[in-house]
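Structure file model_7.cif with mmCIF, C-alpha atoms:
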data_data
#
loop_
_atom_site.label_atom_id
_atom_site.label_comp_id
_atom_site.auth_asym_id
_atom_site.auth_seq_id
_atom_site.Cartn_x
_atom_site.Cartn_y
_atom_site.Cartn_z
CA MET P 285 0.00 0.00 0.00
CA ASP P 286 1.29 3.49 -0.84
CA CYS P 287 0.89 6.63 1.25
CA LYS P 288 -1.80 8.05 -1.03
CA THR P 289 -4.06 5.05 -0.52
CA ALA P 290 -3.18 4.91 3.17
CA ASN P 291 -4.15 8.56 3.57
CA GLU P 292 -7.53 7.90 2.01
CA LEU P 293 -8.18 4.89 4.21
CA LEU P 294 -6.81 6.36 7.41
CA PRO P 295 -9.98 8.22 8.51
CA LEU P 296 -12.10 5.14 7.81
CA TYR P 297 -9.73 3.04 9.87
CA PHE P 298 -9.75 5.64 12.64
CA ASP P 299 -13.56 5.80 12.61
CA GLY P 300 -13.94 2.01 12.71
CA GLU P 301 -15.46 1.94 9.22
CA LEU P 302 -12.78 -0.02 7.38
CA ASP P 303 -13.20 -3.71 6.63
CA ARG P 304 -10.88 -6.18 8.22
CA ALA P 305 -8.74 -7.11 5.23
CA SER P 306 -8.02 -3.47 4.36
CA SER P 307 -7.35 -2.69 8.02
CA ARG P 308 -4.67 -5.36 8.06
CA GLU P 309 -3.05 -3.93 4.92
CA LEU P 310 -3.19 -0.44 6.36
CA GLU P 311 -1.67 -1.59 9.64
CA ALA P 312 1.19 -3.17 7.74
CA HIS P 313 1.75 0.15 6.00
CA LEU P 314 1.56 2.05 9.30
CA ASP P 315 4.21 -0.22 10.79
CA ALA P 316 6.56 0.90 8.07
CA CYS P 317 5.57 4.55 7.58
CA ALA P 318 6.16 7.14 10.33
CA GLU P 319 4.46 9.88 8.34
CA CYS P 320 1.14 8.03 8.12
CA ARG P 321 1.45 7.08 11.79
CA ALA P 322 1.81 10.76 12.61
CA ALA P 323 -1.36 11.51 10.61
CA LEU P 324 -3.23 8.91 12.65
CA ILE P 325 -1.96 10.44 15.89
CA GLU P 326 -3.13 13.85 14.70
CA LEU P 327 -6.62 12.52 14.05
CA ASP P 328 -6.67 11.12 17.54
CA ALA P 329 -5.34 14.37 19.04
CA LEU P 330 -8.10 16.32 17.33
CA ARG P 331 -10.77 13.97 18.62
CA ARG P 332 -9.39 14.20 22.15
CA ALA P 333 -9.25 17.97 21.96
CA LEU P 334 -12.85 18.14 20.73
CA ARG P 335 -14.13 15.82 23.42
CA GLU P 336 -12.19 17.59 26.12
CA HIS P 337 -12.68 21.20 25.11
CA ALA P 338 -16.03 21.10 23.34
CA PRO P 339 -17.94 18.60 25.45
CA ARG P 340 -21.67 18.23 25.27
CA GLN P 341 -23.50 21.07 26.91
CA PRO P 342 -26.21 19.67 29.14
CA ALA P 343 -29.72 20.79 28.27
CA PRO P 344 -31.03 23.50 30.57
CA GLU P 345 -33.61 22.49 33.18
CA LEU P 346 -36.03 24.89 31.51
CA LEU P 347 -36.02 22.76 28.36
CA ARG P 348 -36.48 19.55 30.29
CA ALA P 349 -39.37 21.07 32.21
CA ARG P 350 -41.01 22.28 29.00
CA ILE P 351 -40.89 18.83 27.45
CA ASN P 352 -42.10 17.14 30.61
CA LYS P 353 -45.00 19.58 30.60
CA GLU P 354 -45.89 18.62 27.01
CA ILE P 355 -45.80 14.95 27.97
CA ALA P 356 -48.01 15.51 31.01
CA GLN P 357 -50.51 17.53 28.96
CA ARG P 358 -50.74 14.92 26.25
CA GLN P 359 -51.15 12.17 28.78
CA GLN P 360 -54.07 14.12 30.22
CA VAL P 361 -55.67 14.27 26.77
CA SER P 362 -55.10 10.60 25.97
CA SER P 363 -56.44 9.43 29.31
CA ASP P 364 -59.60 11.40 28.54
CA ALA P 365 -59.99 9.45 25.30
CA PRO P 366 -58.39 6.06 25.94
CA ALA P 367 -60.17 4.18 23.13
CA ARG P 368 -58.47 6.14 20.37
CA SER P 369 -55.39 3.97 20.10
CA ARG P 370 -55.59 1.78 17.03
CA GLN P 371 -52.18 0.19 17.37
CA PRO P 372 -51.91 -3.57 17.45
CA ALA P 373 -51.08 -4.97 20.84
CA SER P 374 -47.44 -5.71 21.33
CA ARG P 375 -44.98 -5.91 24.14
CA TRP P 376 -43.91 -2.43 23.10
CA LEU P 377 -47.26 -1.05 24.11
CA ALA P 378 -46.85 -2.57 27.51
CA LEU P 379 -43.43 -1.04 27.68
CA ALA P 380 -44.76 2.34 26.60
CA ALA P 381 -47.44 2.02 29.24
CA SER P 382 -44.80 1.44 31.87
CA TRP P 383 -43.17 4.70 30.84
CA VAL P 384 -46.45 6.51 31.08
CA ILE P 385 -46.89 5.15 34.58
CA ALA P 386 -43.37 6.13 35.47
CA PHE P 387 -43.97 9.68 34.27
CA ALA P 388 -47.32 9.94 35.99
CA ALA P 389 -45.84 8.62 39.20
CA GLY P 390 -42.67 10.66 38.92
CA GLY P 391 -44.43 13.93 38.26
CA VAL P 392 -43.03 16.34 35.75
CA LEU P 393 -39.54 16.74 37.17
CA MET P 394 -36.67 14.86 35.63
CA SER P 395 -35.06 14.34 39.03
CA SER P 396 -37.87 12.10 40.08
CA TRP P 397 -37.71 10.17 36.79
CA ARG P 398 -34.36 8.77 37.80
CA THR P 399 -35.46 7.50 41.19
CA PRO P 400 -36.99 4.04 41.30
CA SER P 401 -40.34 5.14 42.64
CA ASN P 402 -43.17 2.78 43.27
CA THR P 403 -42.40 0.55 40.29
CA GLU P 404 -41.02 -2.76 41.42
CA GLN P 405 -37.88 -2.84 39.26
CA PRO P 406 -34.96 -0.44 39.49
CA GLN P 407 -34.31 1.93 36.61
CA VAL P 408 -31.25 0.06 35.39
CA VAL P 409 -33.22 -3.18 35.07
CA ARG P 410 -35.94 -1.47 33.10
CA ASP P 411 -33.28 0.19 30.92
CA LEU P 412 -31.72 -3.18 30.17
CA PHE P 413 -35.02 -4.80 29.22
CA ALA P 414 -36.00 -1.75 27.16
CA SER P 415 -32.69 -1.85 25.32
CA HIS P 416 -33.07 -5.56 24.56
CA TRP P 417 -36.58 -5.07 23.21
CA ARG P 418 -35.55 -2.03 21.22
CA ALA P 419 -32.78 -4.10 19.64
CA LEU P 420 -35.25 -6.85 18.79
CA ALA P 421 -37.61 -4.33 17.20
CA ALA P 422 -34.86 -2.66 15.15
CA ASN P 423 -33.73 -3.87 11.75
CA SER P 424 -30.52 -5.27 13.16
CA PRO P 425 -29.72 -6.00 16.78
CA TYR P 426 -26.05 -5.18 16.31
CA ASP P 427 -23.81 -2.51 14.83
CA VAL P 428 -20.93 -4.83 14.09
CA VAL P 429 -21.79 -8.21 12.66
CA SER P 430 -19.20 -10.83 13.21
CA THR P 431 -18.82 -14.31 14.54
CA ASP P 432 -15.16 -13.59 15.15
CA GLN P 433 -14.15 -12.41 18.61
CA HIS P 434 -11.03 -10.83 17.12
CA THR P 435 -13.21 -8.51 15.05
CA VAL P 436 -15.74 -7.64 17.73
CA LYS P 437 -13.29 -6.69 20.45
CA PRO P 438 -11.27 -4.16 18.39
CA TRP P 439 -14.53 -2.68 17.10
CA PHE P 440 -15.35 -1.65 20.67
CA ALA P 441 -11.91 -0.20 21.28
CA GLY P 442 -12.00 3.48 20.47
CA LYS P 443 -15.77 3.67 20.90
CA ILE P 444 -15.80 3.15 24.64
CA ALA P 445 -13.27 3.44 27.44
CA VAL P 446 -12.96 -0.22 28.35
CA ALA P 447 -13.23 -2.93 25.70
CA PRO P 448 -15.01 -5.99 27.08
CA VAL P 449 -13.85 -9.57 27.22
CA VAL P 450 -15.15 -11.13 24.00
CA GLN P 451 -15.25 -14.88 23.62
CA ASP P 452 -17.13 -17.05 21.16
CA PHE P 453 -18.93 -20.11 22.54
CA ALA P 454 -20.11 -21.56 19.22
CA ASP P 455 -18.83 -24.99 20.17
CA GLN P 456 -20.99 -24.94 23.28
CA GLY P 457 -24.04 -23.81 21.28
CA PHE P 458 -23.80 -20.08 22.02
CA ALA P 459 -22.45 -18.43 18.91
CA LEU P 460 -21.14 -14.87 18.99
CA ALA P 461 -23.22 -12.86 16.51
CA GLY P 462 -21.91 -9.32 16.90
CA GLY P 463 -21.89 -6.30 19.15
CA ARG P 464 -23.33 -2.85 19.58
CA ILE P 465 -23.11 0.18 21.84
CA ASP P 466 -26.20 0.99 23.83
CA TYR P 467 -27.30 3.27 26.61
CA VAL P 468 -27.99 2.29 30.19
CA GLY P 469 -29.04 5.44 31.96
CA ASN P 470 -26.63 8.02 30.60
CA GLU P 471 -23.78 5.56 30.20
CA ARG P 472 -22.67 4.14 26.88
CA VAL P 473 -22.08 0.46 27.39
CA PRO P 474 -20.83 -2.32 25.13
CA VAL P 475 -23.31 -5.06 24.32
CA LEU P 476 -22.25 -8.49 23.06
CA VAL P 477 -24.87 -10.32 21.04
CA TYR P 478 -25.02 -14.10 21.02
CA ARG P 479 -27.36 -16.54 19.33
CA HIS P 480 -28.56 -19.78 20.84
CA GLY P 481 -30.95 -21.59 18.53
CA HIS P 482 -33.70 -19.04 17.92
CA HIS P 483 -32.85 -17.07 21.04
CA LEU P 484 -31.07 -13.75 20.77
CA ILE P 485 -28.97 -12.99 23.82
CA ASP P 486 -27.71 -9.56 24.83
CA VAL P 487 -24.79 -9.31 27.25
CA PHE P 488 -24.48 -5.75 28.63
CA ILE P 489 -21.11 -4.90 30.17
CA LEU P 490 -22.00 -2.49 32.97
CA PRO P 491 -20.08 0.16 34.87
CA PRO P 492 -19.65 -1.27 38.38
CA ALA P 493 -21.73 1.54 39.90
CA ASP P 494 -24.69 0.77 37.63
CA ALA P 495 -24.83 -2.98 38.02
CA PRO P 496 -28.09 -4.25 39.44
CA ALA P 497 -27.89 -6.28 42.62
CA THR P 498 -26.83 -9.82 41.88
CA GLY P 499 -28.90 -12.73 43.01
CA LYS P 500 -31.67 -14.57 41.29
CA PRO P 501 -32.75 -13.84 37.71
CA ILE P 502 -35.34 -11.11 37.17
CA GLU P 503 -38.27 -11.79 34.82
CA ALA P 504 -40.28 -9.37 32.74
CA GLN P 505 -42.87 -10.36 30.15
CA GLY P 506 -41.26 -13.66 29.28
CA TYR P 507 -37.74 -12.27 29.21
CA VAL P 508 -35.11 -12.98 31.84
CA LEU P 509 -32.25 -10.87 33.13
CA ASP P 510 -29.37 -12.37 35.06
CA THR P 511 -26.11 -10.88 36.25
CA VAL P 512 -22.66 -12.34 35.86
CA MET P 513 -19.03 -11.27 36.19
CA LEU P 514 -17.31 -11.19 32.80
CA GLY P 515 -13.54 -10.79 33.02
CA GLY P 516 -13.83 -8.80 36.24
CA GLN P 517 -16.62 -6.53 35.02
CA PRO P 518 -20.26 -6.87 36.02
CA ALA P 519 -22.47 -7.86 33.11
CA ALA P 520 -26.18 -8.42 32.59
CA ILE P 521 -27.59 -11.15 30.34
CA VAL P 522 -31.01 -10.46 28.80
CA SER P 523 -32.80 -13.04 26.67
CA ASP P 524 -35.86 -15.25 26.40
CA MET P 525 -33.94 -18.45 27.12
CA GLY P 526 -35.12 -21.07 29.57
CA GLN P 527 -33.60 -21.37 33.02
CA ALA P 528 -31.33 -24.33 32.27
CA GLU P 529 -29.91 -22.69 29.13
CA LEU P 530 -29.39 -19.43 30.98
CA ALA P 531 -27.54 -21.19 33.77
CA HIS P 532 -25.32 -22.92 31.22
CA PHE P 533 -24.56 -19.66 29.45
CA THR P 534 -23.86 -17.87 32.76
CA GLN P 535 -21.36 -20.58 33.58
CA LEU P 536 -19.62 -20.14 30.20
CA LEU P 537 -19.33 -16.38 30.68
CA ASN P 538 -17.99 -16.83 34.19
CA SER P 539 -15.21 -18.95 32.77
CA ALA P 540 -14.35 -16.44 30.00
CA ARG P 541 -11.10 -14.56 30.21
CA MET U 34 -45.63 2.04 10.09
CA ASN U 35 -43.62 0.14 12.56
CA PRO U 36 -46.15 -1.04 15.12
CA ALA U 37 -43.45 -1.10 17.78
CA ILE U 38 -43.49 2.69 18.11
CA GLY U 39 -45.60 3.86 20.99
CA GLN U 40 -45.85 7.37 22.33
CA GLY U 41 -43.77 6.42 25.36
CA PHE U 42 -40.98 5.61 22.94
CA ILE U 43 -40.78 9.19 21.67
CA ASP U 44 -40.99 10.67 25.18
CA GLU U 45 -38.29 8.40 26.50
CA LEU U 46 -36.13 8.96 23.42
CA ALA U 47 -36.36 12.74 23.62
CA LEU U 48 -35.63 12.93 27.33
CA ARG U 49 -32.82 10.41 27.20
CA HIS U 50 -31.05 12.22 24.38
CA LEU U 51 -32.00 15.75 25.38
CA ASP U 52 -28.41 16.78 26.11
CA ALA U 53 -27.27 15.51 22.70
CA ALA U 54 -30.14 17.36 21.02
CA TYR U 55 -29.48 20.60 22.86
CA ASN U 56 -25.75 20.40 22.20
CA LEU U 57 -26.32 19.90 18.47
CA GLY U 58 -28.76 22.80 18.50
CA ARG U 59 -26.22 25.05 20.19
CA TRP U 60 -23.55 24.24 17.64
CA LEU U 61 -25.90 24.73 14.69
CA LEU U 62 -27.54 27.90 15.97
CA GLY U 63 -24.78 29.32 18.17
CA ASN U 64 -27.34 30.52 20.68
CA GLU U 65 -28.77 28.99 23.86
CA HIS U 66 -32.29 30.35 23.65
CA GLU U 67 -32.77 29.36 20.06
CA ALA U 68 -31.32 25.91 20.74
CA THR U 69 -33.84 25.46 23.55
CA ASP U 70 -36.72 26.51 21.32
CA ALA U 71 -35.48 24.36 18.42
CA VAL U 72 -35.31 21.22 20.58
CA HIS U 73 -38.78 21.94 21.94
CA ASP U 74 -40.01 22.24 18.32
CA ALA U 75 -38.20 19.03 17.51
CA TYR U 76 -39.94 17.15 20.28
CA LEU U 77 -43.37 18.26 19.02
CA ARG U 78 -42.37 17.31 15.49
CA ALA U 79 -41.08 13.91 16.64
CA VAL U 80 -44.42 13.20 18.32
CA ARG U 81 -46.22 13.88 15.05
CA ALA U 82 -43.62 12.01 12.98
CA ALA U 83 -43.31 8.92 15.20
CA HIS U 84 -44.53 6.74 12.32
CA THR U 85 -41.52 7.67 10.19
CA TYR U 86 -39.15 5.86 12.53
CA ALA U 87 -38.28 2.64 10.71
CA GLY U 88 -35.84 0.99 13.07
CA GLY U 89 -32.12 1.60 13.26
CA ASN U 90 -30.40 4.07 15.53
CA GLU U 91 -33.21 5.98 17.18
CA ARG U 92 -30.82 8.64 18.47
CA ALA U 93 -29.81 9.44 14.86
CA TRP U 94 -33.49 9.64 13.92
CA TRP U 95 -34.19 12.06 16.78
CA LEU U 96 -31.11 14.18 16.04
CA ALA U 97 -32.15 14.38 12.38
CA ILE U 98 -35.40 15.98 13.50
CA VAL U 99 -33.53 18.36 15.80
CA ARG U 100 -31.24 19.30 12.93
CA ASN U 101 -34.17 20.00 10.62
CA CYS U 102 -35.73 22.28 13.22
CA CYS U 103 -32.43 24.13 13.59
CA LEU U 104 -32.05 24.53 9.83
CA ALA U 105 -35.58 25.89 9.63
CA ARG U 106 -34.65 28.53 12.23
CA LEU U 107 -31.46 29.38 10.37
CA ALA U 108 -33.46 29.82 7.18
CA VAL U 109 -35.79 32.27 8.93
CA ARG U 110 -32.80 34.08 10.38
CA THR U 111 -31.17 34.56 6.97
CA LYS U 112 -34.46 35.69 5.54
CA ASP U 113 -34.88 38.23 8.34
CA LYS U 114 -31.38 39.60 8.06
CA ARG U 115 -30.31 39.26 4.48
CA ASN U 116 -26.90 40.66 5.19
CA VAL U 117 -26.03 37.88 7.62
CA THR U 118 -25.00 34.69 5.90
CA LEU U 119 -25.64 31.21 7.22
CA ASP U 120 -21.99 30.53 7.73
CA GLY U 121 -20.84 34.00 8.49
CA PRO U 122 -18.15 34.87 11.02
CA PRO U 123 -19.04 33.78 14.53
CA ALA U 124 -19.54 37.31 15.73
CA ALA U 125 -22.91 36.35 17.16
CA ASN U 126 -21.42 33.59 19.27
CA GLU U 127 -21.25 34.60 22.91
CA ASN U 128 -17.93 32.79 23.26
CA TRP U 129 -16.28 34.84 20.57
CA MET U 130 -13.19 36.77 21.59
CA PRO U 131 -11.59 39.54 19.58
CA ARG U 132 -8.89 38.23 17.27
CA SER U 133 -6.08 40.28 18.83
CA GLU U 134 -6.74 38.78 22.23
CA ALA U 135 -6.81 35.32 20.72
CA ASP U 136 -3.44 35.89 19.10
CA GLU U 137 -1.83 36.78 22.38
CA VAL U 138 -2.90 33.68 24.22
CA GLU U 139 -1.84 31.26 21.54
CA ASN U 140 1.69 31.07 22.83
CA ARG U 141 0.82 30.21 26.37
CA VAL U 142 -2.65 28.75 26.43
CA ASP U 143 -4.12 27.37 29.57
CA SER U 144 -6.97 24.92 29.53
CA ALA U 145 -9.81 27.42 29.69
CA GLN U 146 -8.33 29.47 26.89
CA ARG U 147 -7.69 26.40 24.79
CA GLN U 148 -11.27 25.43 25.25
CA SER U 149 -12.51 28.78 24.10
CA LEU U 150 -10.05 28.75 21.19
CA LEU U 151 -11.20 25.37 20.02
CA LYS U 152 -14.83 26.35 20.36
CA GLN U 153 -14.22 29.51 18.36
CA HIS U 154 -12.52 27.62 15.57
CA LEU U 155 -15.23 24.99 15.49
CA GLN U 156 -17.97 27.61 15.47
CA ALA U 157 -16.15 29.40 12.67
CA LEU U 158 -16.26 26.35 10.39
CA PRO U 159 -18.96 26.36 7.73
CA LEU U 160 -22.07 24.57 8.97
CA ASN U 161 -21.63 21.58 6.64
CA PHE U 162 -18.28 20.74 8.20
CA ARG U 163 -19.16 21.76 11.75
CA GLU U 164 -22.15 19.44 11.92
CA VAL U 165 -20.37 16.31 10.64
CA LEU U 166 -17.60 16.91 13.17
CA ILE U 167 -20.10 17.16 16.04
CA LEU U 168 -22.05 14.13 14.85
CA ARG U 169 -18.95 12.00 14.39
CA GLU U 170 -16.60 13.11 17.17
CA ILE U 171 -19.02 14.09 19.92
CA GLU U 172 -22.12 12.03 19.13
CA GLU U 173 -20.09 9.14 17.69
CA LEU U 174 -22.54 8.31 14.94
CA SER U 175 -21.41 6.05 12.10
CA TYR U 176 -20.92 7.32 8.54
CA ARG U 177 -24.11 5.55 7.50
CA GLU U 178 -26.11 7.15 10.31
CA ILE U 179 -24.78 10.61 9.50
CA ALA U 180 -25.48 10.09 5.79
CA ASP U 181 -29.07 9.09 6.60
CA MET U 182 -29.47 12.09 8.90
CA LEU U 183 -28.13 14.55 6.36
CA GLU U 184 -29.79 12.78 3.44
CA THR U 185 -26.51 12.83 1.54
CA PRO U 186 -24.40 10.04 0.02
CA ILE U 187 -21.97 8.42 2.42
CA GLY U 188 -19.08 9.66 0.25
CA THR U 189 -20.15 13.24 0.92
CA VAL U 190 -20.05 12.57 4.66
CA MET U 191 -16.56 11.16 4.31
CA SER U 192 -15.24 14.08 2.30
CA ARG U 193 -16.86 16.69 4.57
CA LEU U 194 -15.45 14.97 7.62
CA ALA U 195 -11.95 14.84 6.12
CA ARG U 196 -12.18 18.47 5.04
CA GLY U 197 -13.63 19.59 8.39
CA ARG U 198 -10.91 17.81 10.32
CA ALA U 199 -8.20 19.31 8.13
CA MET U 200 -9.66 22.81 8.47
CA LEU U 201 -9.89 22.52 12.23
CA GLN U 202 -6.39 21.09 12.54
CA GLN U 203 -5.07 23.92 10.45
CA ALA U 204 -6.95 26.53 12.46
CA LEU U 205 -5.69 25.08 15.73
CA ALA U 206 -2.10 24.95 14.52
CA GLY U 207 -2.55 28.66 13.92
CA PRO U 208 -0.55 30.98 11.69
CA THR U 209 1.69 32.30 14.47
CA THR U 210 2.54 29.22 16.49
CA THR U 211 5.41 26.96 15.62
CA GLN U 212 4.03 24.05 17.52
CA ALA U 213 0.58 22.53 17.22
CA PRO U 214 -1.10 23.19 20.58
CA TYR U 215 -2.88 19.84 20.51
CA GLY U 216 0.02 17.54 19.70
CA LEU U 217 0.39 14.45 21.85
#
Before anything else, please render the file you have as structure tokens.
Amino acid sequence: MDCKTANELLPLYFDGELDRASSRELEAHLDACAECRAALIELDALRRALREHAPRQPAPELLRARINKEIAQRQQVSSDAPARSRQPASRWLALAASWVIAFAAGGVLMSSWRTPSNTEQPQVVRDLFASHWRALAANSPYDVVSTDQHTVKPWFAGKIAVAPVVQDFADQGFALAGGRIDYVGNERVPVLVYRHGHHLIDVFILPPADAPATGKPIEAQGYVLDTVMLGGQPAAIVSDMGQAELAHFTQLLNSAR
Amino acid sequence: MNPAIGQGFIDELALRHLDAAYNLGRWLLGNEHEATDAVHDAYLRAVRAAHTYAGGNERAWWLAIVRNCCLARLAVRTKDKRNVTLDGPPAANENWMPRSEADEVENRVDSAQRQSLLKQHLQALPLNFREVLILREIEELSYREIADMLETPIGTVMSRLARGRAMLQQALAGPTTTQAPYGL
């Protein structure tokens, strides 16, 4: 590869948009070319500078309050005319209903939205289920599609602070299918996606502070959430597997390193 | 229509990504009040347009609506004041410092000054380049997601991003400094 080609591919490589074969070729070129390495370092320096010096400005409370007011007003209207919904029943409606309840119970202030009020499950658990269902409803449950752990792990690097332990368990019946980045609360977390028969399994790698209390699996609408330690980090498994399969998979993840 | 989209989905989406929306609005409009109003507009529009969400990254879908509301405001602004161009100098930005003052600090910049320098340079970029930089570097959207948001070919996103990065790097290196202030 010459420098001209390398220069064209460098941003794609840096942004995680370059396919694996080309990445390998580019890396070989980078090993040999200090000038192209310097260009890569400059891209990284710019990104760091932007993230450090032009960070996201949080939305003012005024804006949050205005939107919460809109939500409360509309809820008032829709509860006056409850028969107007023509949407087919789905688990999403139940989920949406749980949000409505959360808002009604939490009042119009965002501060109360974060507190686990009178609903039985903590916010993080509801976030995890919501994320799993959202992924199931979307066109594709993952952003990087690969059955190769050596592709999935580097994909995470650069997108989040700590790349997770990624191991394929295809031989044991749990095949790695890909990964994505999702939100739990305000945190961006890596999600590993596995397939087991027809079951789609999400493994959320959680910041230690956000991890739900470990113990027995939590159920919601036919889906099960269980917690596990994956390479020293707390993780949550969400799927519609049976208990025995879940226990087996938990064991596999526990042994991953 | 995707039957999976309930009203709670839009509410949750908007509140969860309110900071991202507001931040994008600030960078597009360069003004806190207008950004607040634009995001409020965007929420109302998202409620009406919930049926247009067809899966994929819902944050990108929401930010696309925010962006459209901001562009609509910019269009009104240019219509109102024909002498002010869309991508004019960032004189309206409250963070703007006079050029002479900026020159002085470039030799010995502390963190706060660096921050304001970088913000100035970013705000001074033409909107096309500024927005892809925000969407890629701050919001970490993929090329495909940005292309969908901007309704442009993915190649255009790539070239704008490359150009925007180069312009910002050049601006930060500055005409008077011998050393790039952001080197590793």
Next item on the list: Considering all atoms listed in the file, return as a PyMOL selection string whatever protein or nucleic-acid residues lie within 9 Å of Val522 (chain P), sequence-local ones (same chain, fewer than 2 positions apart) excluded.
Entry: chain P and resi 412-413+416+484-488+507-511+520+524-525
Next item on the list: Please report as a list in words which residues of chain U come no farther than 6 Å from chain P, using only C-alpha atoms.
Entry: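 Per the criterion, chain U yields Ala37, Gly39, Gly41, Asp52, Tyr55, Asn56, Thr69, Gly88, Gly89 and Gln148 of chain U.
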Next item on the list: Compile the contact shell of His434 (chain P) as an NGL selection string: residues with an atom at most 9 Å away, counting all atoms listed in the file, same-chain residues fewer than 4 positions apart removed.
Entry: :P and (438-439 or 450-451)
Next item on the list: Find, counting only C-alpha atoms, the residue in U:Pro159, U:Pro186, U:Gly58, U:Gly63 that gets nearest to Leu201 (chain U).
Entry: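 For Leu201 (chain U), the nearest of the candidates is U:Pro159.
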Check: Could you name the residues that touch Val446 (chain P) at 12 Å or less, counting only C-alpha atoms, but leaving out those on the same chain fewer than 6 positions away, as an NGL selection string?
Finding: :P and (437-440 or 472-474 or 489-491 or 515-517)
Could you dump the residues just selected with C-alpha atoms as an mmCIF file, keeping the file's coordinate frame?
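Output (again39.cif):
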data_model
loop_
_atom_site.group_PDB
_atom_site.id
_atom_site.type_symbol
_atom_site.label_atom_id
_atom_site.label_comp_id
_atom_site.auth_asym_id
_atom_site.auth_seq_id
_atom_site.Cartn_x
_atom_site.Cartn_y
_atom_site.Cartn_z
ATOM 1 C CA LYS P 437 -13.290 -6.690 20.450
ATOM 2 C CA PRO P 438 -11.270 -4.160 18.390
ATOM 3 C CA TRP P 439 -14.530 -2.680 17.100
ATOM 4 C CA PHE P 440 -15.350 -1.650 20.670
ATOM 5 C CA ARG P 472 -22.670 4.140 26.880
ATOM 6 C CA VAL P 473 -22.080 0.460 27.390
ATOM 7 C CA PRO P 474 -20.830 -2.320 25.130
ATOM 8 C CA ILE P 489 -21.110 -4.900 30.170
ATOM 9 C CA LEU P 490 -22.000 -2.490 32.970
ATOM 10 C CA PRO P 491 -20.080 0.160 34.870
ATOM 11 C CA GLY P 515 -13.540 -10.790 33.020
ATOM 12 C CA GLY P 516 -13.830 -8.800 36.240
ATOM 13 C CA GLN P 517 -16.620 -6.530 35.020
#
Next item on the list: Decode the PyMOL selection byres ((chain P and resi 533) around 10) for the given file into explicit residues and return them as a PyMOL selection string.
Entry: chain P and resi 453+456-458+480+485+512+521+525+527-532+534-539
Next item on the list: Skip Ser192 (chain U) itself and residues of its chain fewer than 2 positions away, then list as a ChimeraX atom specification all residues within 12 Å of it, counting only C-alpha atoms.
Entry: /P:292-293,295-296 /U:161-162,165-166,176,180,185-190,194-199
Axis-aligned box for region 328-332 of chain P, 3 Å per side, centre and edges in Å as AutoDock Vina command-line options:
--center_x -8.1 --center_y 13.7 --center_z 19.7 --size_x 11.4 --size_y 11.2 --size_z 10.8
Check: Which residues, written as a VMD selection string, have at least one atom at most 12 Å from Glu67 (chain U), with all atoms listed in the file counted and residues fewer than 2 positions away on the same chain left out?
Finding: (chain P and resid 347) or (chain U and resid 55 to 65 69 to 75 99 102 to 107 109 to 110)
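Counting from CA of His483 (chain P), the distance to CA of Arg410 (chain P) is 20.0 Å.
With all atoms listed in the file as the basis for measurement, U:Arg92 is the residue among U:Arg92, U:His84, U:Lys112, U:His66 that approaches Arg49 (chain U) most closely.
Nearest residue to Ile502 (chain P), choosing from P:Ala461, P:Val409, P:Ala290, P:Val475 and counting all atoms listed in the file: P:Val409.
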Next item on the list: Give me the result of the PyMOL selection byres ((chain U and resi 152) around 9) on this file, residue by residue, as a PyMOL selection string.
Entry: (chain P and resi 334+337-338) or (chain U and resi 128-129+147-151+153-157)
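Of note, CA of Thr431 (chain P) and CA of Arg177 (chain U) are spaced 21.7 Å apart.
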Item checked: Interatomic distance (Å, one decimal) between CA of Glu184 (chain U) and CA of Leu96 (chain U) ->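 We find that CA of Glu184 (chain U) and CA of Leu96 (chain U) lie 12.7 Å from each other.
With distances taken over all atoms listed in the file, U:Asp181 is the one residue among U:Leu158, U:Asp181, U:Glu173, U:Leu205 lying closest to Ala87 (chain U).
Using all atoms listed in the file, the nearest neighbour of Glu170 (chain U) within the list P:Arg304, P:His313, P:Phe298, P:Arg479 is P:Phe298.
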